[in-house]
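Take a look at the structure below.
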Amino acid sequence: MIRVSFFVLLLLGLAACQDKTGPKTTKSDSKITIDGSSTVFPISEALAEAYQAKARKEGLSDVRITIGVSGTGGGFKKFCRGEVAITGASRPIKDSELEICQKEGIEFVELPVAYDGIAVVTHKDNTWAKTLTVSELKKMWEPAANKTITRWNQIRSDFPDAELHLYGPGVDSGTYDYFTKAVVGKEHASRGDFTSSEDDNVLVHGIKGDKNALGFFGYAYYKENAEALSIVAVDDEDESNGKGAIAASPASVKDGTYQPLSRPVFLYVKKSAAQDPALKGYLDFVLGQGASLISEVGYIPLSQNALKAIALKLEKGTTGSIFKGAKSGVSVEKVLGL
């Protein structure tokens, strides 16, 4: 009788140990890996911090989120190799990237998370380039301008006879891809003699210290440094809308008048990883409570109808891209058919 009782107690003790160790193992395995766009990074960072604070409050202190910044192109490379569960992108996935994902067996869900405007900016002491047309921007940035268009008065005769110094994202950047397509007319086509970086903060610092500089990057980086930079209003030269030159702002991006440099930004999520409870919880937070953080970091939130449609897409596990090849400046709601 004593032996039986001891055996029962031993089993109960083992079961109790298993109950105690089970949740700890789950917690220690709750790691979410994110990479990709420097433009989307402030969104990912803010959402990660808020979600981790929420997780700690709910007793899930071991949920860890790591965020890398490889640029949109670099992020897709890692994502399609299966190295990260989520990648941020400041443009839709390309055909070439889609082919790599398919070859590697990576299925994904495409999640628009916010709107962003590509801000065209100058040094704060630039008193002449308050407005530019798309044609003038093209004249600055097209491949034919390489080592040829080097002075401000070559853009407009009443601009000063001073050197023109250009700053822009690197070639792995989705912002670079989007800007070249919208302004030059062909993605990845630009002059090569400009200062480039995948880190938008490097571009901000460069323009701050160069009176003759002009550059472009996501609006959030301008907003954070507005005291040291001037924003340029852009005229898309489309007579049908009659708007003239419009500067990037939350209002002009949201109402679609800042053209052609308004765009949605995305998270691409590996479908198989989305089944993980920690990752699912994070994504539910991103499309729910976390949406209120978007404007706090300088981006423009999507409509509630759009967020509901995207959350349903995630719940159903609908894979593939519906934004690939979409026209510059197109709204999320329009693509979703809302």
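Here, A, B, ... name the chains of the structure tokens in the order displayed, residue numbers run from 1 inside each chain, and ligands are numbered from 1 in the same displayed order.
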
Please identify every residue of region 225-319 of chain A that has at least one atom no farther than 10 Å from an atom of region 73-83 of chain A, counting only C-alpha atoms, and for each give the shortest atom pair and the distance in Å to one decimal, arranged by chain then increasing number, as a Markdown table.
| residue | atom | partner | partner_atom | distance |
| --- | --- | --- | --- | --- |
| A:Tyr268 | CA | A:Phe79 | CA | 8.5 |
| A:Val269 | CA | A:Phe79 | CA | 8.7 |
| A:Lys270 | CA | A:Phe79 | CA | 7.8 |
| A:Ala273 | CA | A:Gly82 | CA | 9.9 |

Grab the residues selected above and save them as a compact mmCIF listing (two decimals), in the first residue's frame with N, CA and C atoms.
# COMPACT_ATOMS: atom_id res chain seq x y z
N TYR A 268 4.78 42.05 -44.61
CA TYR A 268 4.57 40.75 -45.25
C TYR A 268 4.87 39.68 -44.21
N VAL A 269 3.91 38.76 -44.03
CA VAL A 269 3.99 37.78 -42.95
C VAL A 269 4.04 36.37 -43.54
N LYS A 270 5.00 35.60 -43.07
CA LYS A 270 5.09 34.20 -43.49
C LYS A 270 3.86 33.45 -42.98
N ALA A 273 4.30 30.87 -40.16
CA ALA A 273 4.66 31.47 -38.88
C ALA A 273 3.48 32.15 -38.21

Any chance you could tabulate, as JSON lines, the residues of region 308-328 of chain A at most 8 Å from region 102-110 of chain A with each one's nearest atom pair and distance in Å to one decimal, using only C-alpha atoms, in chain and rising number order?
{"residue": "A:Lys313", "atom": "CA", "partner": "A:Val109", "partner_atom": "CA", "distance": 7.9}
{"residue": "A:Leu314", "atom": "CA", "partner": "A:Val109", "partner_atom": "CA", "distance": 6.6}
{"residue": "A:Gly317", "atom": "CA", "partner": "A:Val109", "partner_atom": "CA", "distance": 6.6}
{"residue": "A:Thr318", "atom": "CA", "partner": "A:Val109", "partner_atom": "CA", "distance": 6.1}
{"residue": "A:Thr319", "atom": "CA", "partner": "A:Val109", "partner_atom": "CA", "distance": 4.6}
{"residue": "A:Gly320", "atom": "CA", "partner": "A:Phe108", "partner_atom": "CA", "distance": 6.1}
{"residue": "A:Ser321", "atom": "CA", "partner": "A:Glu110", "partner_atom": "CA", "distance": 6.0}

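For the pair CA of Lys94 (chain A) and CA of Ser173 (chain A), the interatomic distance is 12.5 Å.
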
What are the closest atom pairs, with distances in Å to one decimal, for all residues of region 239-310 of chain A lying within 9 Å of region 30-35 of chain A? Consider only C-alpha atoms, order rows by chain and residue number, and present the result as a Markdown table.
| residue | atom | partner | partner_atom | distance |
| --- | --- | --- | --- | --- |
| A:Asp276 | CA | A:Ser30 | CA | 8.6 |
| A:Pro277 | CA | A:Ser30 | CA | 8.4 |
| A:Ala278 | CA | A:Ser30 | CA | 5.8 |
| A:Leu279 | CA | A:Ile32 | CA | 6.4 |
| A:Tyr282 | CA | A:Ile32 | CA | 8.7 |

Writer output for current selection, N, CA, C and O atoms, as a short mmCIF file (atom, residue, chain, number, x, y, z; two decimals), in the first residue's frame:
data_model
loop_
_atom_site.label_atom_id
_atom_site.label_comp_id
_atom_site.auth_asym_id
_atom_site.auth_seq_id
_atom_site.Cartn_x
_atom_site.Cartn_y
_atom_site.Cartn_z
N ASP A 276 1.74 30.67 -35.16
CA ASP A 276 2.32 30.73 -33.82
C ASP A 276 1.50 31.68 -32.94
O ASP A 276 1.21 32.81 -33.35
N PRO A 277 1.11 31.24 -31.73
CA PRO A 277 0.25 32.07 -30.88
C PRO A 277 0.83 33.46 -30.59
O PRO A 277 0.10 34.45 -30.59
N ALA A 278 2.14 33.51 -30.33
CA ALA A 278 2.75 34.81 -30.02
C ALA A 278 2.69 35.75 -31.22
O ALA A 278 2.36 36.93 -31.10
N LEU A 279 3.00 35.21 -32.40
CA LEU A 279 2.97 36.04 -33.61
C LEU A 279 1.55 36.45 -33.96
O LEU A 279 1.30 37.60 -34.34
N TYR A 282 0.54 39.23 -31.76
CA TYR A 282 1.19 40.48 -32.18
C TYR A 282 0.46 41.08 -33.39
O TYR A 282 0.18 42.28 -33.41
#

Exercise: Gly337 (chain A) partners within 12 Å, only C-alpha atoms, chain neighbours under 4 positions left out, as a ChimeraX atom specification: /A:305-306,309-310,322-323,330-333

Which of region 68-311 of chain A fall in helix (DSSP H, G or I), as a short mmCIF file (atom, residue, chain, number, x, y, z; two decimals) with C-alpha atoms, in the first residue's frame:
data_model
loop_
_atom_site.label_atom_id
_atom_site.label_comp_id
_atom_site.auth_asym_id
_atom_site.auth_seq_id
_atom_site.Cartn_x
_atom_site.Cartn_y
_atom_site.Cartn_z
CA GLY A 71 15.91 47.95 -46.58
CA THR A 72 12.86 46.69 -48.42
CA GLY A 73 14.90 44.70 -50.94
CA GLY A 74 17.25 43.30 -48.31
CA GLY A 75 14.31 42.38 -46.11
CA PHE A 76 12.60 40.47 -48.91
CA LYS A 77 15.82 38.51 -49.50
CA LYS A 78 15.86 37.37 -45.87
CA PHE A 79 12.10 36.79 -45.85
CA CYS A 80 12.10 34.64 -48.98
CA ASP A 95 7.85 39.77 -59.49
CA SER A 96 11.48 38.73 -59.00
CA GLU A 97 11.03 38.56 -55.22
CA LEU A 98 7.76 36.72 -55.59
CA GLU A 99 9.48 34.10 -57.74
CA ILE A 100 12.16 33.53 -55.10
CA CYS A 101 9.54 33.12 -52.36
CA GLN A 102 7.65 30.64 -54.52
CA LYS A 103 10.84 28.71 -55.29
CA VAL A 134 7.63 66.33 -61.19
CA SER A 135 9.39 67.30 -64.45
CA GLU A 136 11.99 69.28 -62.50
CA LEU A 137 12.53 66.41 -60.09
CA LYS A 138 12.94 64.09 -63.06
CA LYS A 139 15.52 66.45 -64.56
CA MET A 140 17.48 66.19 -61.31
CA TRP A 141 17.25 62.45 -60.82
CA PRO A 143 20.05 58.70 -65.46
CA ALA A 144 20.87 61.38 -68.08
CA ALA A 145 21.52 63.87 -65.25
CA TRP A 152 20.65 74.54 -59.10
CA ASN A 153 20.23 77.05 -61.94
CA GLN A 154 20.18 74.17 -64.42
CA GLY A 174 11.64 50.47 -51.44
CA THR A 175 11.46 54.25 -51.16
CA TYR A 176 14.11 54.52 -53.88
CA ASP A 177 12.15 52.09 -56.06
CA TYR A 178 8.90 53.97 -55.53
CA PHE A 179 10.40 57.43 -56.10
CA THR A 180 12.19 56.46 -59.32
CA LYS A 181 9.05 54.86 -60.74
CA ALA A 182 6.81 57.80 -59.79
CA VAL A 183 9.21 60.57 -60.83
CA VAL A 184 11.55 59.19 -63.49
CA ASP A 200 17.24 57.51 -43.44
CA ASN A 201 18.82 59.13 -40.38
CA VAL A 202 22.11 59.33 -42.30
CA LEU A 203 20.30 61.19 -45.09
CA VAL A 204 18.67 63.56 -42.60
CA HIS A 205 22.05 64.33 -41.03
CA GLY A 206 23.64 64.93 -44.45
CA ILE A 207 20.94 67.36 -45.61
CA LYS A 208 21.00 69.20 -42.27
CA TYR A 219 7.50 61.80 -44.18
CA ALA A 220 7.98 60.55 -40.60
CA TYR A 221 11.70 61.33 -40.78
CA TYR A 222 10.93 64.86 -41.97
CA LYS A 223 8.40 65.35 -39.18
CA GLU A 224 10.95 64.27 -36.58
CA PRO A 250 -0.91 63.78 -42.98
CA ALA A 251 -3.91 65.54 -44.54
CA SER A 252 -2.58 65.65 -48.14
CA VAL A 253 -1.47 62.01 -48.02
CA LYS A 254 -4.74 60.82 -46.52
CA ALA A 273 4.66 31.47 -38.88
CA ALA A 274 1.34 33.29 -38.47
CA GLN A 275 -0.02 30.15 -36.78
CA PRO A 277 0.25 32.07 -30.88
CA ALA A 278 2.75 34.81 -30.02
CA LEU A 279 2.97 36.04 -33.61
CA LYS A 280 -0.79 35.84 -34.07
CA GLY A 281 -1.25 37.87 -30.92
CA TYR A 282 1.19 40.48 -32.18
CA LEU A 283 -0.53 40.76 -35.58
CA ASP A 284 -3.96 41.04 -33.96
CA PHE A 285 -2.51 43.88 -31.88
CA VAL A 286 -1.02 45.57 -34.99
CA LEU A 287 -4.39 45.62 -36.76
CA GLN A 289 -5.12 48.43 -30.60
CA GLY A 290 -1.78 49.16 -32.25
CA ALA A 291 -3.37 51.07 -35.14
CA SER A 292 -3.78 54.07 -32.82
CA LEU A 293 0.02 54.36 -32.59
CA SER A 295 -0.12 58.71 -36.24
CA GLU A 296 2.11 59.09 -33.16
CA VAL A 297 5.16 58.06 -35.18
CA GLN A 304 -11.39 51.30 -39.94
CA ASN A 305 -13.06 49.61 -42.92
CA ALA A 306 -9.67 48.89 -44.46
CA LEU A 307 -8.28 47.54 -41.18
CA LYS A 308 -11.27 45.22 -40.78
CA ALA A 309 -10.84 43.91 -44.33
CA ILE A 310 -7.11 43.33 -43.77
CA ALA A 311 -7.73 41.57 -40.44
#

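CA of Thr133 (chain A) lies 17.3 Å from CA of Phe217 (chain A).
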
Glu163 (chain A) environment, 12 Å, only C-alpha atoms, sequence neighbours closer than 2 positions dropped, as a ChimeraX atom specification: /A:147-155,159-161,165-166,210-214

Please produce a file of the residues just selected, as a PDB file, in the first residue's frame, where the atoms kept are C-alpha atoms.
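Output below, filename out28.pdb:
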ATOM      1  CA  LYS A 147      27.517  64.294 -63.784  1.00  0.00           C
ATOM      2  CA  THR A 148      25.619  66.673 -66.107  1.00  0.00           C
ATOM      3  CA  ILE A 149      22.932  68.381 -64.017  1.00  0.00           C
ATOM      4  CA  THR A 150      25.127  69.606 -61.194  1.00  0.00           C
ATOM      5  CA  ARG A 151      23.929  73.142 -60.391  1.00  0.00           C
ATOM      6  CA  TRP A 152      20.652  74.541 -59.102  1.00  0.00           C
ATOM      7  CA  ASN A 153      20.231  77.055 -61.942  1.00  0.00           C
ATOM      8  CA  GLN A 154      20.176  74.170 -64.423  1.00  0.00           C
ATOM      9  CA  ILE A 155      16.830  73.167 -62.895  1.00  0.00           C
ATOM     10  CA  PHE A 159      17.619  79.417 -58.936  1.00  0.00           C
ATOM     11  CA  PRO A 160      21.125  80.342 -57.689  1.00  0.00           C
ATOM     12  CA  ASP A 161      24.281  79.357 -59.549  1.00  0.00           C
ATOM     13  CA  HIS A 165      23.927  68.008 -53.911  1.00  0.00           C
ATOM     14  CA  LEU A 166      21.469  65.109 -53.896  1.00  0.00           C
ATOM     15  CA  ASP A 210      24.525  70.948 -46.529  1.00  0.00           C
ATOM     16  CA  LYS A 211      22.888  74.205 -47.656  1.00  0.00           C
ATOM     17  CA  ASN A 212      22.830  73.078 -51.300  1.00  0.00           C
ATOM     18  CA  ALA A 213      21.237  69.709 -50.577  1.00  0.00           C
ATOM     19  CA  LEU A 214      17.978  68.145 -51.719  1.00  0.00           C
TER      20      LEU A 214
END
